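S.K.: Mind looking over this structure? Questions follow.
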Amino acid sequence: MYTASLLTLSLLLAVLPAGSQTAPSEQWVAPDTERGKASPVPVTPEGIDRGRHLYREHCATCHGETGKGDGPSSKLHAFRTSRPPHDLTDASVQTMLADGEIFWKMTAGYRRDGKVIMPSYGKLVPSDEDRWRIVQYVRTLGHN
């Protein structure tokens, strides 16, 4: 579990754009076509449970068990980016991200100056359905 998790140097949202803390040329922005995508996967309690399991396996190391951006690798992320991973429980963070944007960022990953800021989960979590389930679980973090 931690082997794959150690690859995550972000949260799920350095899955998120850095906002005013980063120069515009360094912002990680999803293309409009990706941002506008809606999940083709129906939301079910079983699906959210699956997303929770995958989140804990791949995302919690940076984003923390509860999504607050305080996982064991969050200090490494802060060192590499000058800020900790985003707090996924924050309503403003939840509001600024579209589901398609979260999915795209998780799938594509992000590197800056040769350093992995957010790993690409396209291969680590090869099922599109499973990555959409992670998005669904991330949405529940905003309600805690």
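Order determines the names: the first chain of the structure tokens is A, the second B, and so forth; residues in each chain are numbered 1 upward, and ligands are numbered 1 upward as they are shown.
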Taking 3 positions as the minimum chain separation for residues in the same chain, which residues sit within 6 Å of region 119-125 of chain A when counting only C-alpha atoms? Answer as a ChimeraX atom specification.
M.R.: /A:8,106-109
S.K.: Run DSSP on the backbone and grab whatever in chain A lands in strand (DSSP E or B); send it over as a list in words.
M.R.: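 Reading the DSSP output for chain A, strand (DSSP E or B) covers Tyr110, Arg111, Arg112, Lys115, Val116, Ile117 and Met118 of chain A.
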S.K.: What lies within 7 Å of Gly100 (chain A) using only C-alpha atoms, ignoring chain neighbours under 4 positions off, as a list in words?
M.R.: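 The filter keeps Glu34, Arg35, Gly36, Lys37, Ala38 and Trp104 of chain A.
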S.K.: For the selection just defined, write its residues with C-alpha atoms to a file, as an mmCIF file, in the first residue's frame.
M.R.:
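New file again_10.cif:
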```cif
data_model
loop_
_atom_site.group_PDB
_atom_site.id
_atom_site.type_symbol
_atom_site.label_atom_id
_atom_site.label_comp_id
_atom_site.auth_asym_id
_atom_site.auth_seq_id
_atom_site.Cartn_x
_atom_site.Cartn_y
_atom_site.Cartn_z
ATOM 1 C CA GLU A 34 -11.646 17.894 -19.740
ATOM 2 C CA ARG A 35 -12.928 20.205 -17.026
ATOM 3 C CA GLY A 36 -16.431 20.007 -18.486
ATOM 4 C CA LYS A 37 -16.643 16.211 -18.466
ATOM 5 C CA ALA A 38 -19.195 14.592 -16.197
ATOM 6 C CA TRP A 104 -8.023 14.830 -15.576
#
```
S.K.: I need the alpha helix (DSSP H) residues of chain A per DSSP on the backbone, written as a ChimeraX atom specification.
M.R.: /A:2-6,11-14,32-35,45-58,60-63,74-81,91-96,99-108,121-124,128-141
S.K.: Please list as a VMD selection string every residue within 10 Å of Thr44 (chain A), counting only C-alpha atoms and excluding residues in the same chain fewer than 6 positions away.
M.R.: chain A and resid 50 133 136
S.K.: Write the residues of the selection above to a file with C-alpha atoms, as an mmCIF file, in the first residue's frame.
M.R.:
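Generated output (result_37.cif):
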```
data_model
loop_
_atom_site.group_PDB
_atom_site.id
_atom_site.type_symbol
_atom_site.label_atom_id
_atom_site.label_comp_id
_atom_site.auth_asym_id
_atom_site.auth_seq_id
_atom_site.Cartn_x
_atom_site.Cartn_y
_atom_site.Cartn_z
ATOM 1 C CA ARG A 50 -14.393 1.668 -3.536
ATOM 2 C CA ARG A 133 -14.903 6.567 -7.972
ATOM 3 C CA GLN A 136 -16.846 10.656 -6.040
#
```
S.K.: From the set A:Asp113, A:Asp90, A:Asp128, A:Glu101, which residue has the shortest atom-to-atom contact distance to Gly142 (chain A), counting only C-alpha atoms?
M.R.: A:Asp90
S.K.: Which is closest to Pro42 (chain A) among A:Val135, A:Val93, A:Leu141, A:Ala78, if we use only C-alpha atoms?
M.R.: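 Distance minimum relative to Pro42 (chain A) lands on A:Val135.
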S.K.: Rounded to one decimal place, report the CA of Pro72 (chain A)-CA of Arg111 (chain A) distance in Å.
M.R.: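 Pair CA of Pro72 (chain A) / CA of Arg111 (chain A) returns 20.0 Å.
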S.K.: Compile the contact shell of Asp49 (chain A) as a ChimeraX atom specification: residues with an atom at most 12 Å away, counting only C-alpha atoms, same-chain residues fewer than 6 positions apart removed.
M.R.: /A:43,55-56,130,133-138,140
S.K.: Find, counting only C-alpha atoms, the residue in A:Gly114, A:Pro40, A:Gly67, A:Gly51 that gets nearest to Ala91 (chain A).
M.R.: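 Ranked by minimum distance to Ala91 (chain A), first place goes to A:Gly67.
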S.K.: May I ask which of the residues A:Ser82, A:Arg139, A:Trp132, A:Glu57 is the closest one to Gln94 (chain A), counting only C-alpha atoms?
M.R.: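 Checking each candidate against Gln94 (chain A), we get A:Arg139 as the closest.
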S.K.: Could you check which of A:Lys68, A:Lys105, A:Lys115, A:His53 is closest to Thr81 (chain A), using only C-alpha atoms?
M.R.: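 Of all the options, A:Lys115 lies closest to Thr81 (chain A).
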S.K.: Choose the residue, out of A:Leu88, A:Ala98, A:Leu76, A:Met118, that has the smallest atom-to-atom separation from His58 (chain A); count only C-alpha atoms.
M.R.: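 Closest candidate: A:Met118.
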